[in-house]
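S.K.: Provided herewith: structure_16.txt, compact mmCIF, C-alpha atoms and all ligand atoms.
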# COMPACT_ATOMS: atom_id res chain seq x y z
CA MET A 1 27.55 -7.24 11.29
CA THR A 2 24.63 -5.46 9.66
CA GLU A 3 23.44 -8.58 7.90
CA ARG A 4 22.44 -10.06 11.26
CA PHE A 5 19.74 -7.47 11.51
CA LEU A 6 18.13 -8.28 8.19
CA SER A 7 16.11 -11.20 9.49
CA LEU A 8 13.35 -8.83 10.69
CA PRO A 9 11.97 -5.56 9.34
CA ALA A 10 13.75 -2.67 11.10
CA ASN A 11 10.76 -1.64 13.21
CA GLU A 12 10.17 -5.12 14.60
CA HIS A 13 13.42 -5.32 16.52
CA ILE A 14 13.14 -4.31 20.15
CA VAL A 15 16.55 -2.65 20.20
CA VAL A 16 18.92 -1.88 17.36
CA ALA A 17 22.18 -0.06 18.13
CA GLU A 18 24.36 0.67 15.15
CA GLY A 19 27.81 2.18 15.57
CA LEU A 20 26.92 3.68 18.93
CA HIS A 21 29.58 5.82 20.62
CA HIS A 22 29.37 7.62 23.93
CA ASP A 23 31.73 10.06 25.66
CA PHE A 24 31.69 11.38 29.20
CA GLY A 25 33.82 14.32 30.23
CA SER A 26 33.76 17.67 28.50
CA ASP A 27 34.05 18.81 24.89
CA GLU A 28 37.65 19.82 25.61
CA LEU A 29 38.46 16.59 27.38
CA PRO A 30 36.11 13.86 26.19
CA MET A 31 36.34 10.50 27.92
CA PRO A 32 35.17 7.86 25.47
CA VAL A 33 33.22 5.07 27.15
CA LEU A 34 31.39 3.27 24.33
CA PHE A 35 33.06 2.57 20.99
CA ASP A 36 31.20 1.51 17.90
CA VAL A 37 28.66 -0.67 19.65
CA TRP A 38 26.46 -2.85 17.44
CA PHE A 39 23.74 -4.61 19.31
CA HIS A 40 20.26 -5.95 18.70
CA LEU A 41 17.53 -7.47 20.79
CA GLU A 42 14.71 -9.49 19.27
CA PRO A 43 11.12 -9.85 20.48
CA GLY A 44 10.86 -12.14 23.47
CA GLU A 45 14.59 -12.61 23.83
CA ILE A 46 16.43 -12.59 27.16
CA VAL A 47 19.95 -11.29 26.69
CA ILE A 48 22.50 -11.20 29.48
CA MET A 49 25.28 -8.64 29.26
CA THR A 50 28.43 -9.36 31.23
CA GLY A 51 31.79 -7.64 31.40
CA PRO A 52 34.24 -6.14 33.85
CA SER A 53 33.26 -3.24 36.06
CA GLY A 54 33.68 0.05 34.22
CA SER A 55 33.36 -1.53 30.76
CA GLY A 56 30.30 0.55 29.85
CA LYS A 57 27.37 -1.78 30.54
CA THR A 58 25.34 0.68 32.62
CA THR A 59 26.05 3.44 30.14
CA LEU A 60 24.65 1.33 27.31
CA LEU A 61 21.64 0.35 29.43
CA THR A 62 20.83 3.97 30.29
CA LEU A 63 21.11 4.95 26.62
CA ILE A 64 18.68 2.17 25.66
CA GLY A 65 16.46 3.22 28.57
CA ALA A 66 16.27 6.76 27.15
CA LEU A 67 17.76 8.01 30.40
CA ARG A 68 20.50 9.91 28.56
CA SER A 69 20.72 11.27 25.06
CA VAL A 70 22.41 9.54 22.17
CA GLN A 71 25.52 11.38 20.97
CA ARG A 72 26.81 9.43 17.98
CA GLY A 73 25.53 6.43 16.06
CA SER A 74 22.01 5.14 15.77
CA LEU A 75 19.83 3.64 18.49
CA SER A 76 16.25 2.59 18.03
CA VAL A 77 14.14 1.20 20.86
CA LEU A 78 10.64 -0.26 20.36
CA GLY A 79 10.70 1.05 16.81
CA ARG A 80 11.56 4.61 17.77
CA GLN A 81 14.86 6.32 16.85
CA LEU A 82 16.35 7.80 20.04
CA ARG A 83 19.00 9.88 18.38
CA GLY A 84 17.82 13.48 18.31
CA LEU A 85 14.74 12.69 20.38
CA ASP A 86 13.73 15.44 22.86
CA GLU A 87 12.99 14.92 26.55
CA GLN A 88 9.24 14.56 25.93
CA GLY A 89 9.89 11.78 23.42
CA ARG A 90 12.27 10.08 25.84
CA VAL A 91 9.64 10.20 28.59
CA GLU A 92 7.19 8.45 26.27
CA ILE A 93 9.73 5.70 25.56
CA ARG A 94 10.55 5.30 29.24
CA ARG A 95 6.89 4.66 30.05
CA ARG A 96 6.96 1.67 27.76
CA LEU A 97 9.97 0.17 29.56
CA GLY A 98 10.37 -1.70 32.83
CA PHE A 99 13.45 -0.91 34.93
CA ILE A 100 15.01 -3.01 37.66
CA PHE A 101 18.14 -1.68 39.34
CA GLN A 102 20.75 -3.07 41.66
CA ALA A 103 19.36 -1.17 44.61
CA HIS A 104 15.61 -1.75 44.43
CA ASN A 105 14.64 1.95 44.27
CA LEU A 106 11.31 1.41 45.97
CA PHE A 107 9.64 4.29 47.80
CA GLU A 108 10.29 3.60 51.47
CA SER A 109 7.18 5.44 52.65
CA LEU A 110 4.84 3.42 50.40
CA THR A 111 3.65 -0.16 50.82
CA ALA A 112 4.55 -2.87 48.32
CA LEU A 113 1.11 -2.47 46.74
CA GLN A 114 1.40 1.32 46.51
CA ASN A 115 4.87 1.00 44.94
CA VAL A 116 3.49 -1.22 42.18
CA THR A 117 0.31 0.86 41.81
CA LEU A 118 2.35 4.00 41.32
CA ALA A 119 4.05 2.49 38.28
CA LEU A 120 0.63 1.79 36.74
CA GLU A 121 -0.86 5.21 37.29
CA LEU A 122 0.96 6.76 34.35
CA HIS A 123 -0.90 4.57 31.91
CA GLY A 124 -4.45 5.88 32.08
CA GLU A 125 -6.09 2.70 33.38
CA SER A 126 -9.10 2.83 35.70
CA ARG A 127 -8.52 2.73 39.46
CA HIS A 128 -10.11 -0.68 39.60
CA GLU A 129 -7.94 -2.09 36.82
CA ILE A 130 -4.78 -0.63 38.37
CA ASP A 131 -5.59 -2.22 41.70
CA ARG A 132 -6.42 -5.56 40.13
CA ARG A 133 -3.23 -5.63 38.05
CA ALA A 134 -0.95 -4.57 40.95
CA LYS A 135 -2.38 -7.27 43.21
CA ALA A 136 -2.08 -9.90 40.49
CA MET A 137 1.57 -8.99 39.91
CA LEU A 138 2.43 -9.12 43.61
CA GLY A 139 0.67 -12.47 43.77
CA ALA A 140 2.73 -13.67 40.80
CA VAL A 141 5.98 -12.82 42.56
CA GLY A 142 4.82 -14.65 45.69
CA LEU A 143 4.07 -11.59 47.81
CA GLY A 144 0.29 -11.85 47.96
CA ASP A 145 0.46 -11.81 51.74
CA ARG A 146 2.94 -8.93 51.99
CA MET A 147 1.17 -6.27 49.94
CA GLY A 148 0.63 -3.93 52.87
CA HIS A 149 4.27 -4.06 54.00
CA LYS A 150 6.67 -1.19 53.47
CA PRO A 151 10.11 -1.99 52.04
CA GLU A 152 11.81 -1.77 55.45
CA ALA A 153 9.65 -4.67 56.62
CA LEU A 154 10.68 -6.86 53.67
CA SER A 155 13.85 -8.90 53.11
CA GLY A 156 16.27 -8.01 50.29
CA GLY A 157 14.87 -10.76 48.10
CA GLN A 158 11.28 -9.69 48.75
CA ARG A 159 12.08 -6.07 47.94
CA GLN A 160 13.69 -7.12 44.68
CA ARG A 161 10.57 -9.17 43.91
CA VAL A 162 8.46 -6.05 44.46
CA ALA A 163 10.81 -4.32 42.02
CA VAL A 164 10.21 -7.13 39.50
CA ALA A 165 6.42 -6.83 39.98
CA ARG A 166 6.63 -3.07 39.52
CA ALA A 167 8.78 -3.33 36.40
CA LEU A 168 6.43 -5.82 34.73
CA ALA A 169 3.04 -4.58 35.94
CA HIS A 170 2.36 -2.29 32.97
CA ARG A 171 3.42 -4.97 30.47
CA PRO A 172 6.47 -3.12 29.17
CA GLY A 173 7.83 -3.85 25.71
CA LEU A 174 11.32 -4.19 27.16
CA ILE A 175 12.75 -4.84 30.62
CA LEU A 176 16.11 -3.33 31.50
CA ALA A 177 17.74 -4.79 34.58
CA ASP A 178 21.09 -3.58 35.90
CA GLU A 179 22.74 -6.03 38.30
CA PRO A 180 19.39 -6.84 39.94
CA THR A 181 20.91 -9.61 42.07
CA ALA A 182 24.02 -7.74 43.22
CA ALA A 183 22.72 -7.18 46.76
CA LEU A 184 21.28 -10.68 47.16
CA ASP A 185 22.77 -13.99 48.20
CA ALA A 186 23.23 -16.57 45.44
CA GLN A 187 20.07 -18.55 46.08
CA THR A 188 17.77 -15.54 46.49
CA GLY A 189 19.35 -13.95 43.42
CA ARG A 190 18.67 -17.04 41.37
CA GLN A 191 15.03 -17.15 42.53
CA VAL A 192 14.48 -13.50 41.59
CA ILE A 193 15.98 -14.09 38.15
CA GLU A 194 13.97 -17.25 37.54
CA LEU A 195 10.85 -15.32 38.44
CA LEU A 196 11.82 -12.53 36.09
CA GLN A 197 12.49 -15.08 33.33
CA GLU A 198 9.17 -16.82 33.89
CA LEU A 199 7.13 -13.61 33.82
CA ALA A 200 9.06 -12.20 30.89
CA HIS A 201 8.37 -15.40 28.92
CA GLU A 202 4.72 -15.34 29.89
CA GLN A 203 4.29 -11.74 28.75
CA LYS A 204 6.65 -12.31 25.77
CA THR A 205 8.65 -9.32 26.97
CA SER A 206 12.24 -8.87 25.85
CA THR A 207 14.79 -8.49 28.60
CA LEU A 208 18.28 -7.03 28.75
CA LEU A 209 19.92 -8.12 31.96
CA VAL A 210 23.32 -6.83 33.07
CA THR A 211 24.98 -9.13 35.57
CA HIS A 212 28.28 -10.28 37.00
CA ASP A 213 26.65 -13.39 38.26
CA ASN A 214 28.00 -16.44 36.38
CA ARG A 215 25.44 -18.71 37.99
CA ILE A 216 22.49 -17.24 36.14
CA LEU A 217 23.94 -17.26 32.61
CA ASP A 218 21.75 -20.21 31.68
CA VAL A 219 18.51 -18.17 31.80
CA ALA A 220 19.67 -16.21 28.75
CA ASP A 221 18.96 -16.83 25.08
CA ARG A 222 22.11 -14.89 24.27
CA ILE A 223 25.14 -13.70 26.23
CA VAL A 224 26.88 -10.51 25.21
CA ASN A 225 30.29 -9.71 26.63
CA MET A 226 31.44 -6.10 26.88
CA VAL A 227 35.06 -5.12 27.43
CA ASP A 228 36.41 -1.56 27.42
CA GLY A 229 33.31 -0.12 25.78
CA ARG A 230 33.17 -2.70 23.01
CA ILE A 231 31.05 -5.79 22.54
CA VAL A 232 33.63 -8.52 22.12
CA SER A 233 31.34 -11.51 21.84
CA ASP A 234 27.69 -12.22 21.29
CA ILE A 235 26.78 -15.87 21.59
CA ARG A 236 23.58 -17.80 21.30
CA VAL A 237 23.23 -19.94 24.37
CA GLY A 238 22.54 -23.64 24.10
CA GLU A 239 25.20 -25.20 21.95
CA SER A 240 27.88 -22.64 22.82
CA LEU A 241 27.21 -22.64 26.55
CA GLU A 242 27.34 -26.40 26.60
CA ILE A 243 30.65 -26.37 24.72
CA CYS A 244 31.91 -23.72 27.12
CA GLU A 245 31.07 -25.83 30.14
CA PHE A 246 32.83 -28.78 28.54
CA LEU A 247 35.94 -26.74 27.65
CA ALA A 248 36.20 -25.37 31.18
CA LYS A 249 36.81 -28.97 32.32
CA VAL A 250 39.55 -29.60 29.74
CA PRO A 251 42.93 -28.77 31.34
CA ALA A 252 44.26 -26.96 28.26
CA PHE A 253 41.35 -24.51 28.50
CA ALA A 254 40.87 -24.36 32.25
CA SER A 255 42.83 -21.15 32.68
CA HIS A 256 41.11 -19.30 29.84
CA SER A 257 39.12 -16.25 30.84
CA PRO A 258 35.32 -16.65 30.55
CA GLY A 259 35.39 -14.21 27.63
CA GLY A 260 38.12 -16.22 25.87
CA LEU A 261 36.25 -19.46 26.40
CA THR A 262 32.97 -18.15 25.03
CA GLU A 263 34.80 -16.87 21.97
CA ILE A 264 36.38 -20.27 21.30
CA ALA A 265 33.08 -22.05 22.01
CA GLU A 266 31.38 -19.80 19.52
CA HIS A 267 33.74 -21.06 16.80
CA MET A 268 33.62 -24.74 17.66
CA ARG A 269 31.54 -27.14 15.62
CA ARG A 270 30.33 -30.59 16.55
CA ARG A 271 31.34 -33.47 14.29
CA THR A 272 30.40 -37.09 14.68
CA PHE A 273 32.18 -40.15 13.31
CA GLY A 274 31.10 -43.79 13.16
CA PRO A 275 33.15 -46.88 14.16
CA ASP A 276 36.49 -47.07 12.27
CA GLU A 277 35.77 -43.91 10.33
CA VAL A 278 38.92 -41.98 9.39
CA ILE A 279 39.03 -38.43 10.79
CA PHE A 280 42.18 -37.48 8.90
CA ARG A 281 45.11 -39.28 7.26
CA GLU A 282 48.85 -38.86 7.50
CA GLY A 283 50.10 -36.53 4.78
CA GLU A 284 46.92 -34.47 4.52
CA THR A 285 46.90 -30.74 5.13
CA GLY A 286 45.74 -29.82 8.61
CA HIS A 287 42.56 -27.75 8.63
CA GLY A 288 41.68 -27.87 12.27
CA PHE A 289 42.02 -29.01 15.82
CA PHE A 290 39.83 -31.60 17.58
CA ILE A 291 38.72 -32.27 21.14
CA ILE A 292 37.01 -35.54 21.99
CA ARG A 293 33.64 -35.03 23.59
CA SER A 294 32.53 -38.63 23.72
CA GLY A 295 33.85 -41.92 22.34
CA SER A 296 37.56 -42.49 21.61
CA VAL A 297 40.06 -42.01 18.81
CA ARG A 298 43.04 -44.12 17.68
CA ILE A 299 46.12 -42.29 16.47
CA LEU A 300 47.99 -44.47 13.94
CA ASP A 301 51.47 -44.21 12.57
CA ASP A 302 50.87 -44.84 8.86
CA PRO A 303 51.73 -46.58 6.60
CA GLU A 304 52.54 -49.44 9.04
CA GLY A 305 49.41 -48.73 11.01
CA HIS A 306 51.06 -48.89 14.44
CA GLU A 307 48.86 -47.59 17.16
CA LEU A 308 50.53 -44.61 18.80
CA ALA A 309 47.80 -43.74 21.25
CA VAL A 310 44.11 -44.10 22.07
CA LEU A 311 42.62 -40.79 23.13
CA GLU A 312 39.63 -40.39 25.42
CA PRO A 313 37.03 -37.65 26.10
CA GLY A 314 38.64 -34.37 27.12
CA GLN A 315 41.84 -35.15 25.15
CA PHE A 316 42.66 -33.33 21.96
CA PHE A 317 44.60 -33.95 18.76
CA GLY A 318 45.40 -32.39 15.41
CA GLU A 319 47.31 -29.43 16.82
CA VAL A 320 50.74 -30.48 15.49
CA ALA A 321 50.09 -29.78 11.81
CA LEU A 322 48.58 -26.42 12.75
CA MET A 323 51.53 -25.42 14.91
CA THR A 324 54.25 -26.63 12.51
CA GLY A 325 52.52 -25.90 9.20
CA ARG A 326 53.52 -29.40 8.01
CA PRO A 327 51.13 -32.11 6.77
CA ARG A 328 49.43 -34.44 9.25
CA ASN A 329 52.08 -36.71 10.81
CA ALA A 330 49.62 -39.44 11.79
CA THR A 331 46.21 -40.84 11.00
CA ALA A 332 43.24 -40.44 13.33
CA VAL A 333 40.41 -43.00 13.36
CA ALA A 334 37.27 -43.10 15.46
CA VAL A 335 37.14 -46.29 17.54
CA ASP A 336 33.38 -46.34 17.95
CA HIS A 337 30.65 -43.74 17.69
CA THR A 338 32.60 -40.59 18.52
CA GLU A 339 31.65 -36.98 18.94
CA LEU A 340 34.31 -34.35 18.38
CA LEU A 341 34.50 -30.61 18.72
CA PHE A 342 36.27 -29.08 15.77
CA LEU A 343 38.04 -25.73 15.76
CA ALA A 344 39.09 -24.49 12.33
CA LYS A 345 42.68 -23.42 11.77
CA GLU A 346 42.06 -19.65 11.80
CA ALA A 347 40.05 -19.72 15.04
CA PHE A 348 42.67 -22.02 16.57
CA GLN A 349 45.38 -19.52 15.64
CA GLN A 350 43.38 -16.71 17.24
CA ALA A 351 42.96 -18.71 20.44
CA LEU A 352 46.73 -19.31 20.51
CA ASP A 353 47.45 -15.63 20.07
CA ARG A 354 44.88 -14.60 22.63
CA GLU A 355 45.76 -16.82 25.54
CA LYS A 356 49.41 -17.45 26.26
CA SER A 357 48.54 -20.28 28.66
CA PHE A 358 46.88 -22.17 25.82
CA ARG A 359 50.05 -22.06 23.71
CA ASP A 360 52.13 -23.17 26.72
CA GLN A 361 49.82 -26.09 27.41
CA LEU A 362 49.91 -27.24 23.81
CA LEU A 363 53.68 -26.89 23.58
CA GLN A 364 54.02 -29.06 26.65
CA VAL A 365 51.89 -31.83 25.17
CA PHE A 366 53.69 -31.39 21.85
CA THR A 367 57.10 -31.86 23.51
CA VAL A 368 56.01 -34.94 25.44
CA ARG A 369 54.55 -36.58 22.32
CA HIS A 370 57.69 -35.92 20.33
CA SER A 371 60.35 -36.88 22.86
N1 LIG B 401 28.06 10.02 34.74
C1 LIG B 401 29.33 9.74 34.44
N2 LIG B 401 30.24 10.70 34.27
C2 LIG B 401 31.51 10.41 33.96
N3 LIG B 401 31.98 9.18 33.79
C3 LIG B 401 31.12 8.16 33.95
C4 LIG B 401 29.76 8.39 34.29
N4 LIG B 401 29.12 7.18 34.36
C5 LIG B 401 30.07 6.25 34.10
N5 LIG B 401 31.28 6.84 33.86
C6 LIG B 401 32.51 6.13 33.48
O1 LIG B 401 32.24 5.41 32.30
C7 LIG B 401 32.87 4.13 32.34
C8 LIG B 401 31.82 3.06 32.15
O2 LIG B 401 30.96 3.05 33.29
P1 LIG B 401 29.69 2.13 33.41
O3 LIG B 401 28.89 2.24 32.18
O4 LIG B 401 29.04 2.46 34.68
O5 LIG B 401 30.36 0.68 33.46
P2 LIG B 401 29.81 -0.71 34.04
O6 LIG B 401 28.35 -0.59 34.24
O7 LIG B 401 30.20 -1.71 32.99
O8 LIG B 401 30.54 -0.96 35.31
C9 LIG B 401 33.62 4.06 33.64
O9 LIG B 401 34.95 4.42 33.39
C10 LIG B 401 32.93 5.09 34.49
O10 LIG B 401 33.82 5.62 35.43
MG MG B 402 27.20 -0.84 35.96
Translate this file's structure into structure tokens.
Ligand SMILES: Nc1ncnc2c1ncn2[C@@H]1O[C@H](COP(=O)(O)OP(=O)(O)O)[C@@H](O)[C@H]1O
Ligand SMILES: [Mg+2]
M.R.:
Amino acid sequence: MTERFLSLPANEHIVVAEGLHHDFGSDELPMPVLFDVWFHLEPGEIVIMTGPSGSGKTTLLTLIGALRSVQRGSLSVLGRQLRGLDEQGRVEIRRRLGFIFQAHNLFESLTALQNVTLALELHGESRHEIDRRAKAMLGAVGLGDRMGHKPEALSGGQRQRVAVARALAHRPGLILADEPTAALDAQTGRQVIELLQELAHEQKTSTLLVTHDNRILDVADRIVNMVDGRIVSDIRVGESLEICEFLAKVPAFASHSPGGLTEIAEHMRRRTFGPDEVIFREGETGHGFFIIRSGSVRILDDPEGHELAVLEPGQFFGEVALMTGRPRNATAVAVDHTELLFLAKEAFQQALDREKSFRDQLLQVFTVRHS
């Protein structure tokens, strides 16, 4: 995994965690919570971290936020190694970060403007500049006319927007957000996140966003999935997310867990074929499994060339040779311009082993085709 990090000089990554472990509990009875976590965040990137409750997301976030000390492994944030850093050093790092939490953590006795101003006062700007910046930020989150309100006089969404303004006001090098939409309804949550995304992009600030909310995954550049204290997948959004959305509609994959789907999507490759182009021939060794994304495919019984079936988008083929270990028992030809998703044999095998329902589904199709 280290080679992923070589694209930038070490001090230009926003976050680099290498072999990070963390235990709670006591020395006598340690309770391991993070295991060998490797993670990186690049300048300007928005990364969403998902995973079941209790899987260690908040623990990782608080380590990156210099809110607790690093026990084992290496963790550098904004070019500074956090392992072995004293409290003073951690305070300095924290000042360069923007935090947004599930509960907004605003001071109830202060107005929206005072809450944002307070966050700026640690940075040695003039009174005038602080005031100007705080007002500009509240304007940017759409609260220009609510600056004198205290949190109790604001809605949940407005309070969370104040929290966004406060987190970004001092132009932090990194924003850490822990379930910032948890207390909001879906639409308000989405608006807050879109605002966060927009401002983060404008300021070119990197963001690590922990969320359970599936509906906001598309704002991310990357999605990292944590399970039981380990990062089990790390996918670049775009291609993979699109494949994921497609797979979720294919019956054979419908019952896969989101984690399982993203892992398969990560391994799938797009392949296109022109009219009458042969995809594979009877007798060849099977190297992979195909799902039709668009176009259609004829399955022929060679050498006579009888048409056995015409398959449409969402249908799959090529699994038989992989499941039996025998050569291809038919020939597959693209009818017209056809786009396929290809899953190589090894990744296919892993998907079979991982999700029992997938094997069952395939066996069912297999039996029908061969009866
Ligand atoms: N301060 C703590 N002391 C002891 N155990 C903790 C503490 N914080 C979290 N844990 C435990 O560590 C595990 C991971 O928690 P957490 O990082 O909060 O997970 P997540 O944010 O993914 O829900 C859980 O089993 C939780 O009970
Ligand atoms: Mg948490």
S.K.: Would you list the residues that come within 8 Å of ligand MG 402 (chain B)? Count only C-alpha atoms and all ligand atoms and give the answer as a ChimeraX atom specification.
M.R.: /A:53-54,56-59,178-179,210
S.K.: Which chains and residue numbers are within 10 Å of ligand LIG 401 (chain B), counting all atoms listed in the file, if I want them as a PDB file with C-alpha atoms, keeping the file's coordinate frame?
M.R.:
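Resulting contents of result_24.pdb:
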ATOM      1  CA  HIS A  22      29.370   7.620  23.930  1.00  0.00           C
ATOM      2  CA  ASP A  23      31.730  10.060  25.660  1.00  0.00           C
ATOM      3  CA  PHE A  24      31.690  11.380  29.200  1.00  0.00           C
ATOM      4  CA  GLY A  25      33.820  14.320  30.230  1.00  0.00           C
ATOM      5  CA  SER A  26      33.760  17.670  28.500  1.00  0.00           C
ATOM      6  CA  PRO A  30      36.110  13.860  26.190  1.00  0.00           C
ATOM      7  CA  MET A  31      36.340  10.500  27.920  1.00  0.00           C
ATOM      8  CA  PRO A  32      35.170   7.860  25.470  1.00  0.00           C
ATOM      9  CA  VAL A  33      33.220   5.070  27.150  1.00  0.00           C
ATOM     10  CA  LEU A  34      31.390   3.270  24.330  1.00  0.00           C
ATOM     11  CA  MET A  49      25.280  -8.640  29.260  1.00  0.00           C
ATOM     12  CA  THR A  50      28.430  -9.360  31.230  1.00  0.00           C
ATOM     13  CA  GLY A  51      31.790  -7.640  31.400  1.00  0.00           C
ATOM     14  CA  PRO A  52      34.240  -6.140  33.850  1.00  0.00           C
ATOM     15  CA  SER A  53      33.260  -3.240  36.060  1.00  0.00           C
ATOM     16  CA  GLY A  54      33.680   0.050  34.220  1.00  0.00           C
ATOM     17  CA  SER A  55      33.360  -1.530  30.760  1.00  0.00           C
ATOM     18  CA  GLY A  56      30.300   0.550  29.850  1.00  0.00           C
ATOM     19  CA  LYS A  57      27.370  -1.780  30.540  1.00  0.00           C
ATOM     20  CA  THR A  58      25.340   0.680  32.620  1.00  0.00           C
ATOM     21  CA  THR A  59      26.050   3.440  30.140  1.00  0.00           C
ATOM     22  CA  LEU A  60      24.650   1.330  27.310  1.00  0.00           C
ATOM     23  CA  LEU A  61      21.640   0.350  29.430  1.00  0.00           C
ATOM     24  CA  THR A  62      20.830   3.970  30.290  1.00  0.00           C
ATOM     25  CA  LEU A  63      21.110   4.950  26.620  1.00  0.00           C
ATOM     26  CA  ARG A  68      20.500   9.910  28.560  1.00  0.00           C
ATOM     27  CA  ASP A 178      21.090  -3.580  35.900  1.00  0.00           C
ATOM     28  CA  GLU A 179      22.740  -6.030  38.300  1.00  0.00           C
ATOM     29  CA  VAL A 210      23.320  -6.830  33.070  1.00  0.00           C
ATOM     30  CA  THR A 211      24.980  -9.130  35.570  1.00  0.00           C
ATOM     31  CA  HIS A 212      28.280 -10.280  37.000  1.00  0.00           C
ATOM     32  CA  MET A 226      31.440  -6.100  26.880  1.00  0.00           C
ATOM     33  CA  VAL A 227      35.060  -5.120  27.430  1.00  0.00           C
ATOM     34  CA  ASP A 228      36.410  -1.560  27.420  1.00  0.00           C
ATOM     35  CA  GLY A 229      33.310  -0.120  25.780  1.00  0.00           C
TER      36      GLY A 229
END
S.K.: List as a CSV table (one decimal) with C-alpha atoms, keeping the file's coordinate frame the protein and nucleic acid residues near stretch 264-268 of chain A, meaning an atom at most 8 Å away when only C-alpha atoms are counted, but skip any in the same chain fewer than 5 places from it.
M.R.:
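The result, stored in out_1.csv:
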chain,number,residue,atom,x,y,z
A,235,ILE,CA,26.8,-15.9,21.6
A,240,SER,CA,27.9,-22.6,22.8
A,241,LEU,CA,27.2,-22.6,26.6
A,243,ILE,CA,30.6,-26.4,24.7
A,244,CYS,CA,31.9,-23.7,27.1
A,247,LEU,CA,35.9,-26.7,27.6
A,341,LEU,CA,34.5,-30.6,18.7
A,342,PHE,CA,36.3,-29.1,15.8
A,343,LEU,CA,38.0,-25.7,15.8
A,344,ALA,CA,39.1,-24.5,12.3
A,347,ALA,CA,40.0,-19.7,15.0
A,351,ALA,CA,43.0,-18.7,20.4
S.K.: Can you sort out the box for stretch 71-89 of chain A, edges along x, y and z, all listed atoms in, 5 Å on every side, with centre and edge lengths in Å to one decimal, as AutoDock Vina command-line options?
M.R.:
--center_x 18.0 --center_y 7.6 --center_z 21.2 --size_x 27.6 --size_y 25.7 --size_z 20.8
S.K.: Within 12 Å of (-0.3, 3.3, 47.2) in the file's own coordinates, which protein, DNA or RNA residues have an atom, counting only C-alpha atoms? List them as number ranges by chain.
M.R.: A: 106-121, 127, 130-131, 134-135, 147-150
S.K.: Of the candidates A:Gly44, A:His306, A:Glu129, A:Glu18, which shows the shortest atom-to-atom distance to A:Leu82, using all atoms listed in the file?
M.R.: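 Closest residue, counting all atoms listed in the file: A:Glu18.
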S.K.: Counting all atoms listed in the file, which of A:Arg270, A:Leu67, A:Asp336, A:Val250 gets nearest to A:Phe316?
M.R.: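 Nearest candidate to A:Phe316 out of A:Arg270, A:Leu67, A:Asp336, A:Val250: A:Val250.
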